[in-house]
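Shown below: start-v4.cif, with mmCIF, C-alpha atoms and all ligand atoms.
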```cif
data_run
#
loop_
_atom_site.label_atom_id
_atom_site.label_comp_id
_atom_site.auth_asym_id
_atom_site.auth_seq_id
_atom_site.Cartn_x
_atom_site.Cartn_y
_atom_site.Cartn_z
CA MET A 1 26.57 14.18 1.66
CA ILE A 2 24.08 13.27 4.33
CA ASP A 3 25.78 10.30 5.95
CA SER A 4 29.20 11.85 6.43
CA ALA A 5 29.16 10.35 9.93
CA ALA A 6 28.75 6.87 8.51
CA PRO A 7 31.24 4.21 9.53
CA ALA A 8 33.93 3.40 6.98
CA PRO A 9 32.69 0.93 4.37
CA ALA A 10 33.29 -2.71 5.26
CA PRO A 11 36.09 -4.31 3.23
CA ALA A 12 34.94 -6.34 0.25
CA PRO A 13 34.68 -10.04 1.07
CA ALA A 14 37.04 -12.57 -0.45
CA GLY A 15 36.31 -13.09 -4.12
CA VAL A 16 34.47 -9.76 -4.42
CA PRO A 17 36.57 -7.27 -6.39
CA THR A 18 36.37 -3.53 -5.83
CA THR A 19 37.69 -2.59 -9.26
CA ASP A 20 36.54 -3.24 -12.77
CA ALA A 21 39.00 -6.10 -13.29
CA PRO A 22 37.21 -9.26 -14.49
CA PRO A 23 36.53 -11.32 -11.37
CA VAL A 24 37.36 -15.01 -11.20
CA PRO A 25 35.74 -16.19 -7.95
CA SER A 26 36.49 -19.74 -6.86
CA ALA A 27 32.89 -20.29 -5.73
CA PRO A 28 30.07 -17.99 -6.82
CA PRO A 29 29.30 -15.66 -3.90
CA PHE A 30 25.76 -15.13 -5.22
CA PRO A 31 24.73 -18.31 -7.04
CA HIS A 32 21.57 -17.05 -8.76
CA ARG A 33 20.76 -16.03 -12.32
CA ASP A 34 17.95 -13.68 -11.20
CA LEU A 35 17.03 -11.49 -8.25
CA LEU A 36 13.28 -11.93 -7.88
CA THR A 37 12.72 -12.01 -4.11
CA ILE A 38 14.38 -11.46 -0.76
CA GLN A 39 12.39 -14.34 0.72
CA GLY A 40 14.70 -17.35 0.77
CA LEU A 41 17.99 -15.47 0.44
CA PRO A 42 20.34 -16.53 3.25
CA ALA A 43 22.07 -13.92 5.44
CA ARG A 44 25.42 -14.87 3.88
CA GLU A 45 24.27 -13.88 0.37
CA ILE A 46 22.60 -10.68 1.59
CA SER A 47 25.89 -9.72 3.29
CA VAL A 48 27.89 -10.42 0.10
CA LEU A 49 25.59 -8.08 -1.78
CA LEU A 50 25.72 -5.35 0.88
CA ASP A 51 29.52 -5.56 1.23
CA LEU A 52 29.97 -5.21 -2.51
CA ALA A 53 27.46 -2.32 -2.63
CA ASP A 54 29.47 -0.60 0.11
CA SER A 55 32.50 -0.62 -2.16
CA TYR A 56 30.49 0.99 -4.96
CA VAL A 57 29.41 3.90 -2.72
CA ALA A 58 32.97 5.22 -2.83
CA GLN A 59 33.09 4.86 -6.62
CA ASN A 60 29.86 6.86 -6.93
CA ARG A 61 31.31 9.72 -4.91
CA LYS A 62 34.32 10.12 -7.21
CA ARG A 63 34.41 12.66 -10.02
CA ASP A 64 34.98 9.90 -12.56
CA LYS A 65 32.32 7.32 -11.71
CA LYS A 66 32.65 5.11 -14.74
CA THR A 67 34.32 1.70 -15.10
CA SER A 68 34.26 -0.84 -17.92
CA LEU A 69 33.23 -3.91 -15.89
CA LEU A 70 30.07 -4.43 -17.98
CA ARG A 71 31.39 -3.12 -21.30
CA GLY A 72 29.57 -4.92 -24.09
CA HIS A 73 26.64 -5.82 -21.83
CA THR A 74 23.09 -4.58 -22.37
CA LEU A 75 20.45 -3.83 -19.75
CA ILE A 76 16.81 -3.25 -20.65
CA ASN A 77 14.54 -1.40 -18.21
CA LEU A 78 10.99 -2.65 -18.74
CA PHE A 79 8.65 -0.75 -16.44
CA PHE A 80 4.89 -1.31 -16.61
CA GLU A 81 4.41 1.12 -13.70
CA ASN A 82 5.77 4.59 -13.04
CA SER A 83 9.11 5.01 -11.30
CA THR A 84 11.60 7.77 -10.58
CA ARG A 85 14.14 6.23 -8.19
CA THR A 86 14.31 2.59 -9.28
CA ARG A 87 14.40 3.10 -13.02
CA THR A 88 16.85 5.99 -12.92
CA SER A 89 19.17 4.27 -10.47
CA PHE A 90 19.29 1.06 -12.52
CA GLU A 91 20.15 3.16 -15.57
CA LEU A 92 22.87 5.04 -13.69
CA ALA A 93 24.19 1.84 -12.12
CA ALA A 94 24.49 0.08 -15.48
CA LYS A 95 26.06 3.08 -17.20
CA ARG A 96 28.57 3.57 -14.39
CA LEU A 97 29.62 -0.05 -14.93
CA GLY A 98 30.02 0.56 -18.66
CA ALA A 99 26.87 -1.23 -19.94
CA ASP A 100 24.49 -0.06 -22.65
CA VAL A 101 20.98 0.74 -21.38
CA ILE A 102 17.64 0.72 -23.17
CA ASN A 103 14.62 2.21 -21.41
CA MET A 104 11.43 0.69 -22.82
CA THR A 105 8.46 3.01 -22.64
CA VAL A 106 5.55 0.63 -22.27
CA GLN A 107 3.00 3.17 -23.55
CA ALA A 108 5.05 3.62 -26.74
CA SER A 109 5.70 -0.11 -27.25
CA SER A 110 3.73 -2.85 -28.98
CA ILE A 111 2.21 -3.72 -25.61
CA ALA A 112 -0.16 -0.82 -26.37
CA LYS A 113 -1.19 -2.77 -29.51
CA GLY A 114 -2.06 -5.86 -27.47
CA GLU A 115 1.24 -7.78 -27.35
CA THR A 116 1.34 -9.93 -24.23
CA LEU A 117 3.88 -9.77 -21.42
CA ILE A 118 5.37 -13.12 -22.45
CA ASP A 119 5.58 -12.22 -26.16
CA THR A 120 7.21 -8.94 -25.22
CA ALA A 121 9.72 -10.77 -23.02
CA MET A 122 10.55 -13.31 -25.71
CA THR A 123 10.92 -10.53 -28.30
CA LEU A 124 13.37 -8.64 -26.10
CA ASN A 125 15.18 -11.88 -25.25
CA ALA A 126 15.79 -12.51 -28.96
CA MET A 127 17.91 -9.32 -29.02
CA HIS A 128 20.35 -10.87 -26.47
CA PRO A 129 20.15 -8.50 -23.52
CA ASP A 130 22.21 -9.49 -20.50
CA VAL A 131 19.86 -8.09 -17.85
CA LEU A 132 16.14 -7.29 -17.84
CA VAL A 133 14.91 -5.05 -15.03
CA VAL A 134 11.16 -5.39 -14.76
CA ARG A 135 8.44 -3.63 -12.77
CA HIS A 136 4.86 -4.87 -13.14
CA PRO A 137 1.59 -4.18 -11.31
CA GLU A 138 0.78 -7.91 -10.91
CA SER A 139 2.41 -10.01 -8.17
CA GLY A 140 4.28 -12.91 -9.79
CA ALA A 141 4.47 -11.34 -13.27
CA VAL A 142 8.25 -10.82 -13.11
CA LYS A 143 8.85 -14.48 -12.20
CA LEU A 144 6.60 -15.56 -15.06
CA LEU A 145 8.64 -13.43 -17.43
CA ALA A 146 11.94 -14.71 -16.01
CA ASN A 147 10.91 -18.27 -16.89
CA LYS A 148 10.73 -17.30 -20.58
CA VAL A 149 14.10 -15.62 -21.06
CA ASN A 150 17.73 -16.66 -20.74
CA CYS A 151 19.23 -13.47 -19.35
CA ALA A 152 19.35 -12.25 -15.75
CA VAL A 153 16.05 -10.76 -14.53
CA ILE A 154 15.77 -8.30 -11.64
CA ASN A 155 12.42 -7.67 -10.00
CA ALA A 156 12.00 -3.89 -9.72
CA GLY A 157 8.68 -4.38 -7.92
CA ASP A 158 5.81 -6.77 -8.71
CA GLY A 159 2.39 -5.80 -7.41
CA GLN A 160 2.15 -6.15 -3.65
CA HIS A 161 4.66 -8.99 -3.62
CA GLU A 162 8.31 -7.85 -3.42
CA HIS A 163 10.75 -5.06 -4.24
CA PRO A 164 14.06 -6.76 -3.40
CA THR A 165 16.51 -4.00 -4.35
CA GLN A 166 14.57 -1.52 -2.19
CA ALA A 167 15.02 -3.76 0.87
CA LEU A 168 18.71 -4.16 0.05
CA LEU A 169 19.28 -0.42 -0.23
CA ASP A 170 17.33 0.13 2.99
CA ALA A 171 19.52 -2.46 4.71
CA LEU A 172 22.70 -0.82 3.43
CA THR A 173 21.45 2.59 4.62
CA ILE A 174 20.75 1.24 8.11
CA ARG A 175 24.01 -0.72 8.27
CA ARG A 176 26.14 2.30 7.35
CA ARG A 177 24.51 4.38 10.10
CA LYS A 178 24.01 1.83 12.85
CA GLY A 179 26.90 -0.52 12.15
CA ASN A 180 24.76 -3.63 11.71
CA LEU A 181 21.17 -4.85 11.53
CA ASP A 182 21.31 -7.56 14.17
CA GLY A 183 19.40 -6.60 17.34
CA LEU A 184 17.93 -3.35 16.01
CA THR A 185 14.23 -2.58 16.41
CA VAL A 186 12.76 -1.44 13.10
CA THR A 187 9.17 -0.20 12.98
CA ILE A 188 7.40 -0.13 9.62
CA CYS A 189 4.42 2.24 9.67
CA GLY A 190 1.47 2.68 7.33
CA ASP A 191 0.04 0.84 4.37
CA VAL A 192 1.68 -2.54 4.91
CA ALA A 193 -1.17 -4.34 3.15
CA HIS A 194 -0.38 -2.93 -0.28
CA SER A 195 3.38 -2.58 0.14
CA ARG A 196 5.94 -4.76 -1.64
CA VAL A 197 8.59 -2.64 0.08
CA ALA A 198 7.29 -3.71 3.49
CA ARG A 199 7.24 -7.39 2.52
CA SER A 200 10.82 -7.41 1.20
CA ASN A 201 12.03 -5.45 4.21
CA ILE A 202 10.32 -7.79 6.66
CA TYR A 203 12.00 -10.82 5.06
CA LEU A 204 15.42 -9.16 4.95
CA LEU A 205 15.36 -7.64 8.44
CA ASN A 206 14.22 -10.90 10.03
CA THR A 207 16.93 -12.83 8.19
CA MET A 208 19.57 -10.39 9.41
CA GLY A 209 18.44 -10.56 13.05
CA ALA A 210 16.49 -7.32 13.49
CA ARG A 211 13.24 -7.11 15.48
CA VAL A 212 10.47 -5.97 13.14
CA ARG A 213 7.27 -4.21 14.17
CA VAL A 214 4.43 -2.88 12.05
CA VAL A 215 2.03 -0.06 12.95
CA ALA A 216 -1.16 0.47 10.95
CA PRO A 217 -4.92 0.50 11.20
CA PRO A 218 -6.30 -3.06 10.82
CA THR A 219 -7.59 -2.17 7.32
CA LEU A 220 -4.01 -1.56 6.13
CA LEU A 221 -2.49 -4.82 7.37
CA PRO A 222 -2.46 -8.05 5.34
CA PRO A 223 -4.25 -11.05 6.87
CA ALA A 224 -2.12 -13.01 9.37
CA VAL A 225 0.73 -10.49 9.08
CA GLU A 226 2.24 -11.87 12.32
CA ARG A 227 3.20 -15.00 10.40
CA LEU A 228 5.73 -12.89 8.47
CA GLY A 229 7.63 -12.43 11.75
CA VAL A 230 6.44 -9.04 12.96
CA THR A 231 4.84 -7.64 16.10
CA VAL A 232 1.67 -5.69 15.34
CA PHE A 233 0.65 -2.34 16.82
CA HIS A 234 -2.27 -0.06 16.05
CA LYS A 235 -1.02 3.04 17.87
CA MET A 236 1.99 5.00 16.61
CA THR A 237 3.53 5.83 19.97
CA ASP A 238 3.30 2.16 21.05
CA GLY A 239 4.76 0.83 17.80
CA ILE A 240 7.65 3.25 17.57
CA GLY A 241 8.40 3.14 21.32
CA ASP A 242 12.19 2.63 21.68
CA ALA A 243 12.59 1.95 17.96
CA ASP A 244 16.00 2.44 16.34
CA ILE A 245 14.53 2.93 12.88
CA VAL A 246 11.11 4.29 11.89
CA MET A 247 10.29 3.34 8.32
CA MET A 248 7.27 5.14 6.86
CA LEU A 249 5.20 3.87 3.93
CA ARG A 250 3.12 5.73 1.37
CA LEU A 251 -0.62 5.10 1.15
CA GLN A 252 -0.70 3.05 -2.08
CA SER A 253 -4.01 4.42 -3.33
CA GLU A 254 -3.33 3.06 -6.83
CA ARG A 255 -3.63 -0.46 -5.38
CA MET A 256 -6.72 0.23 -3.24
CA ALA A 257 -10.13 -0.90 -4.41
CA GLY A 258 -12.45 0.60 -1.84
CA CYS A 259 -12.16 2.76 1.24
CA TYR A 260 -9.40 1.85 3.70
CA ILE A 261 -9.22 5.02 5.82
CA PRO A 262 -11.91 7.49 6.97
CA SER A 263 -10.00 10.48 5.52
CA VAL A 264 -6.42 11.55 4.80
CA ARG A 265 -6.71 14.13 7.56
CA GLU A 266 -7.69 11.52 10.13
CA TYR A 267 -5.03 9.11 8.85
CA PHE A 268 -2.32 11.73 9.34
CA ARG A 269 -3.61 12.54 12.81
CA PHE A 270 -3.31 8.94 14.01
CA PHE A 271 -0.65 7.39 11.75
CA GLY A 272 1.37 10.31 10.36
CA LEU A 273 4.95 10.73 11.59
CA THR A 274 5.32 14.02 13.45
CA TYR A 275 7.97 15.18 15.92
CA GLU A 276 5.45 14.57 18.67
CA ALA A 277 5.01 10.91 17.69
CA LEU A 278 8.76 10.52 17.16
CA ARG A 279 9.41 11.38 20.82
CA ALA A 280 8.42 7.79 21.67
CA ALA A 281 11.31 6.37 19.64
CA LYS A 282 14.95 6.24 20.82
CA PRO A 283 16.56 9.71 20.89
CA ASP A 284 18.88 8.65 18.05
CA ALA A 285 16.16 6.91 16.03
CA LEU A 286 16.43 7.48 12.29
CA ILE A 287 13.62 7.96 9.79
CA MET A 288 13.31 6.21 6.46
CA HIS A 289 10.85 6.24 3.57
CA PRO A 290 11.22 4.44 0.20
CA GLY A 291 9.63 7.37 -1.63
CA PRO A 292 7.79 8.92 -3.21
CA ILE A 293 6.71 10.70 -0.02
CA ASN A 294 3.32 12.27 0.45
CA ARG A 295 3.94 15.23 2.73
CA GLY A 296 1.20 15.74 5.30
CA VAL A 297 -0.29 12.31 4.57
CA GLU A 298 2.10 9.78 6.14
CA ILE A 299 4.92 12.12 7.18
CA ASP A 300 5.19 15.70 8.33
CA SER A 301 7.33 17.85 6.03
CA GLU A 302 9.59 19.05 8.84
CA VAL A 303 10.39 15.48 9.89
CA ALA A 304 11.00 14.33 6.31
CA ASP A 305 13.43 17.21 5.74
CA ASP A 306 15.30 16.89 9.05
CA ILE A 307 18.85 16.22 7.83
CA LYS A 308 19.92 14.93 11.26
CA ARG A 309 17.25 12.20 11.41
CA SER A 310 15.89 11.58 7.95
CA LEU A 311 17.74 9.09 5.74
CA ILE A 312 15.42 9.51 2.77
CA LEU A 313 18.05 10.96 0.42
CA ASP A 314 20.72 8.56 1.71
CA GLN A 315 18.41 5.75 0.60
CA VAL A 316 18.28 7.24 -2.88
CA GLU A 317 22.06 7.62 -3.05
CA LEU A 318 22.76 4.10 -1.83
CA GLY A 319 20.19 2.68 -4.24
CA VAL A 320 22.63 3.24 -7.11
CA ALA A 321 25.42 1.36 -5.30
CA VAL A 322 23.11 -1.54 -4.42
CA ARG A 323 21.97 -1.83 -8.03
CA MET A 324 25.59 -1.78 -9.22
CA ALA A 325 26.33 -4.65 -6.84
CA CYS A 326 23.32 -6.60 -8.15
CA LEU A 327 24.38 -6.10 -11.77
CA ASP A 328 27.97 -7.05 -10.95
CA LEU A 329 27.01 -10.26 -9.12
CA LEU A 330 24.30 -11.39 -11.53
CA THR A 331 26.56 -11.03 -14.60
CA ARG A 332 29.60 -12.81 -13.17
CA ALA A 333 28.84 -16.20 -14.65
CA ARG A 334 28.40 -14.62 -18.10
CA ARG A 335 31.60 -12.63 -17.76
CA ALA A 336 33.55 -15.69 -16.66
CA GLY A 337 32.09 -17.85 -19.47
N1 LIG B 401 10.99 3.45 -3.96
C1 LIG B 401 10.64 3.30 -5.25
O1 LIG B 401 10.46 2.19 -5.76
O2 LIG B 401 10.49 4.49 -5.92
P1 LIG B 401 10.08 4.63 -7.45
O3 LIG B 401 8.64 4.19 -7.56
O4 LIG B 401 10.26 6.09 -7.76
O5 LIG B 401 10.97 3.74 -8.26
#
```

Would you write out, as structure tokens, the structure that this file holds?
Ligand code: CP
Amino acid sequence: MIDSAAPAPAPAPAGVPTTDAPPVPSAPPFPHRDLLTIQGLPAREISVLLDLADSYVAQNRKRDKKTSLLRGHTLINLFFENSTRTRTSFELAAKRLGADVINMTVQASSIAKGETLIDTAMTLNAMHPDVLVVRHPESGAVKLLANKVNCAVINAGDGQHEHPTQALLDALTIRRRKGNLDGLTVTICGDVAHSRVARSNIYLLNTMGARVRVVAPPTLLPPAVERLGVTVFHKMTDGIGDADIVMMLRLQSERMAGCYIPSVREYFRFFGLTYEALRAAKPDALIMHPGPINRGVEIDSEVADDIKRSLILDQVELGVAVRMACLDLLTRARRAG
């Protein structure tokens, strides 16, 4: 258990149960059918989600992890892109809450015969799922799909746009180690241009009062990135100077059309996270990465595996709790009705 030094979980807020008893909140703590973006979510709703996720961390560390909160509910994982962490953790989260889970394999579905995204969504909707978890390579595709169904839809990553549950699990990971997000300096390093993880994190961290920096070569930054509320650096030691959190990003070569870096070797030399570069950060700075990591490309193996500083596996663990909280909150109206 990597974060054994973590502060005790915050108590669940009023109206947020910690057991599998059917909740009857007086006012919905998270008044949304879907979770498509972090942009636009107020701090209050982000905190409700993180507080509830905190309570699920303890459940996930018990021998018997299963409850019946979502008994009779069905979740469909519909992933048009590869995934290890997100897909598996949504499946685990739903099963630990007692739901049935279907994992659609896009390559083995009628999409391979030419069925459109919308027809696929409407077909699945006709089978009365309660939650659709969707990952798609095109920005905006998950919202388009959500408009055509009447169940809850969770964006598991759409193109370069957003990956909301990743930002939430990153926030929970930071909060459990540092106590809160307000006032922290978080530096996001690497391929910001192609990263939905970076975008969701920038929105969330700004909303929760953190100072956000980005470090990358100009070719790996989106146009006018400053308008997202970040300070831009092009040198690692400048960008991570006095940072509390150093968040590394993978080079998203599957989204690159053209040449963005001279070579991987040169990229690692100037933008890879090594112990030498890390010396610029605060002595207690912690390292994060959404995964999958590319060792020797954006992060040195020794740094990634440093159990005192690297939170990479904590992020994976807390991802299950965050997804349980999302499923719990997004199904409350159905459960009450
Ligand atoms: N961080 C993340 O989204 O990982 P996967 O692609 O494995 O789901």

Please provide the set of residues having any atom within 10 Å of A:Val153, restricted to all atoms listed in the file, with same-chain residues fewer than 6 positions apart removed, written as a ChimeraX atom specification.
/A:33-36,75-76,130-134,142-143,145-147,327,330

How would you report the residues lying within 12 Å of ligand LIG 401 (chain B), as a PyMOL selection string, if you count only C-alpha atoms and all ligand atoms?
chain A and resi 77+79-91+133-137+155-160+162-170+195-198+200+248-250+252+288-293+312-313+315-320

Selection export as a tab-separated table (two decimals), in the coordinates of the input, atoms kept: C-alpha atoms:
```
chain	number	residue	atom	x	y	z
A	77	ASN	CA	14.54	-1.40	-18.21
A	79	PHE	CA	8.65	-0.75	-16.44
A	80	PHE	CA	4.89	-1.31	-16.61
A	81	GLU	CA	4.41	1.12	-13.70
A	82	ASN	CA	5.77	4.59	-13.04
A	83	SER	CA	9.11	5.01	-11.30
A	84	THR	CA	11.60	7.77	-10.58
A	85	ARG	CA	14.14	6.23	-8.19
A	86	THR	CA	14.31	2.59	-9.28
A	87	ARG	CA	14.40	3.10	-13.02
A	88	THR	CA	16.85	5.99	-12.92
A	89	SER	CA	19.17	4.27	-10.47
A	90	PHE	CA	19.29	1.06	-12.52
A	91	GLU	CA	20.15	3.16	-15.57
A	133	VAL	CA	14.91	-5.05	-15.03
A	134	VAL	CA	11.16	-5.39	-14.76
A	135	ARG	CA	8.44	-3.63	-12.77
A	136	HIS	CA	4.86	-4.87	-13.14
A	137	PRO	CA	1.59	-4.18	-11.31
A	155	ASN	CA	12.42	-7.67	-10.00
A	156	ALA	CA	12.00	-3.89	-9.72
A	157	GLY	CA	8.68	-4.38	-7.92
A	158	ASP	CA	5.81	-6.77	-8.71
A	159	GLY	CA	2.39	-5.80	-7.41
A	160	GLN	CA	2.15	-6.15	-3.65
A	162	GLU	CA	8.31	-7.85	-3.42
A	163	HIS	CA	10.75	-5.06	-4.24
A	164	PRO	CA	14.06	-6.76	-3.40
A	165	THR	CA	16.51	-4.00	-4.35
A	166	GLN	CA	14.57	-1.52	-2.19
A	167	ALA	CA	15.02	-3.76	0.87
A	168	LEU	CA	18.71	-4.16	0.05
A	169	LEU	CA	19.28	-0.42	-0.23
A	170	ASP	CA	17.33	0.13	2.99
A	195	SER	CA	3.38	-2.58	0.14
A	196	ARG	CA	5.94	-4.76	-1.64
A	197	VAL	CA	8.59	-2.64	0.08
A	198	ALA	CA	7.29	-3.71	3.49
A	200	SER	CA	10.82	-7.41	1.20
A	248	MET	CA	7.27	5.14	6.86
A	249	LEU	CA	5.20	3.87	3.93
A	250	ARG	CA	3.12	5.73	1.37
A	252	GLN	CA	-0.70	3.05	-2.08
A	288	MET	CA	13.31	6.21	6.46
A	289	HIS	CA	10.85	6.24	3.57
A	290	PRO	CA	11.22	4.44	0.20
A	291	GLY	CA	9.63	7.37	-1.63
A	292	PRO	CA	7.79	8.92	-3.21
A	293	ILE	CA	6.71	10.70	-0.02
A	312	ILE	CA	15.42	9.51	2.77
A	313	LEU	CA	18.05	10.96	0.42
A	315	GLN	CA	18.41	5.75	0.60
A	316	VAL	CA	18.28	7.24	-2.88
A	317	GLU	CA	22.06	7.62	-3.05
A	318	LEU	CA	22.76	4.10	-1.83
A	319	GLY	CA	20.19	2.68	-4.24
A	320	VAL	CA	22.63	3.24	-7.11
```

Using all atoms listed in the file, which of the listed residues (A:Gln107, A:Ser253, A:Asn201, A:Ser263) sits closest to A:Val186?
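Going through A:Gln107, A:Ser253, A:Asn201, A:Ser263 one by one, the smallest distance to A:Val186 is for A:Asn201.
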
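Interatomic distance, atom CA of A:Ala108 against atom CA of A:Asn150: 24.7 Å.
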
Atom CA of A:Leu220 to atom CA of A:Ala193: how many Å, to one decimal?
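According to the coordinates, atom CA of A:Leu220 and atom CA of A:Ala193 are separated by 5.0 Å.
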
Please report the interatomic distance between atom CA of A:Arg96 and atom CA of A:Leu52 in Å with one decimal.
14.8 Å
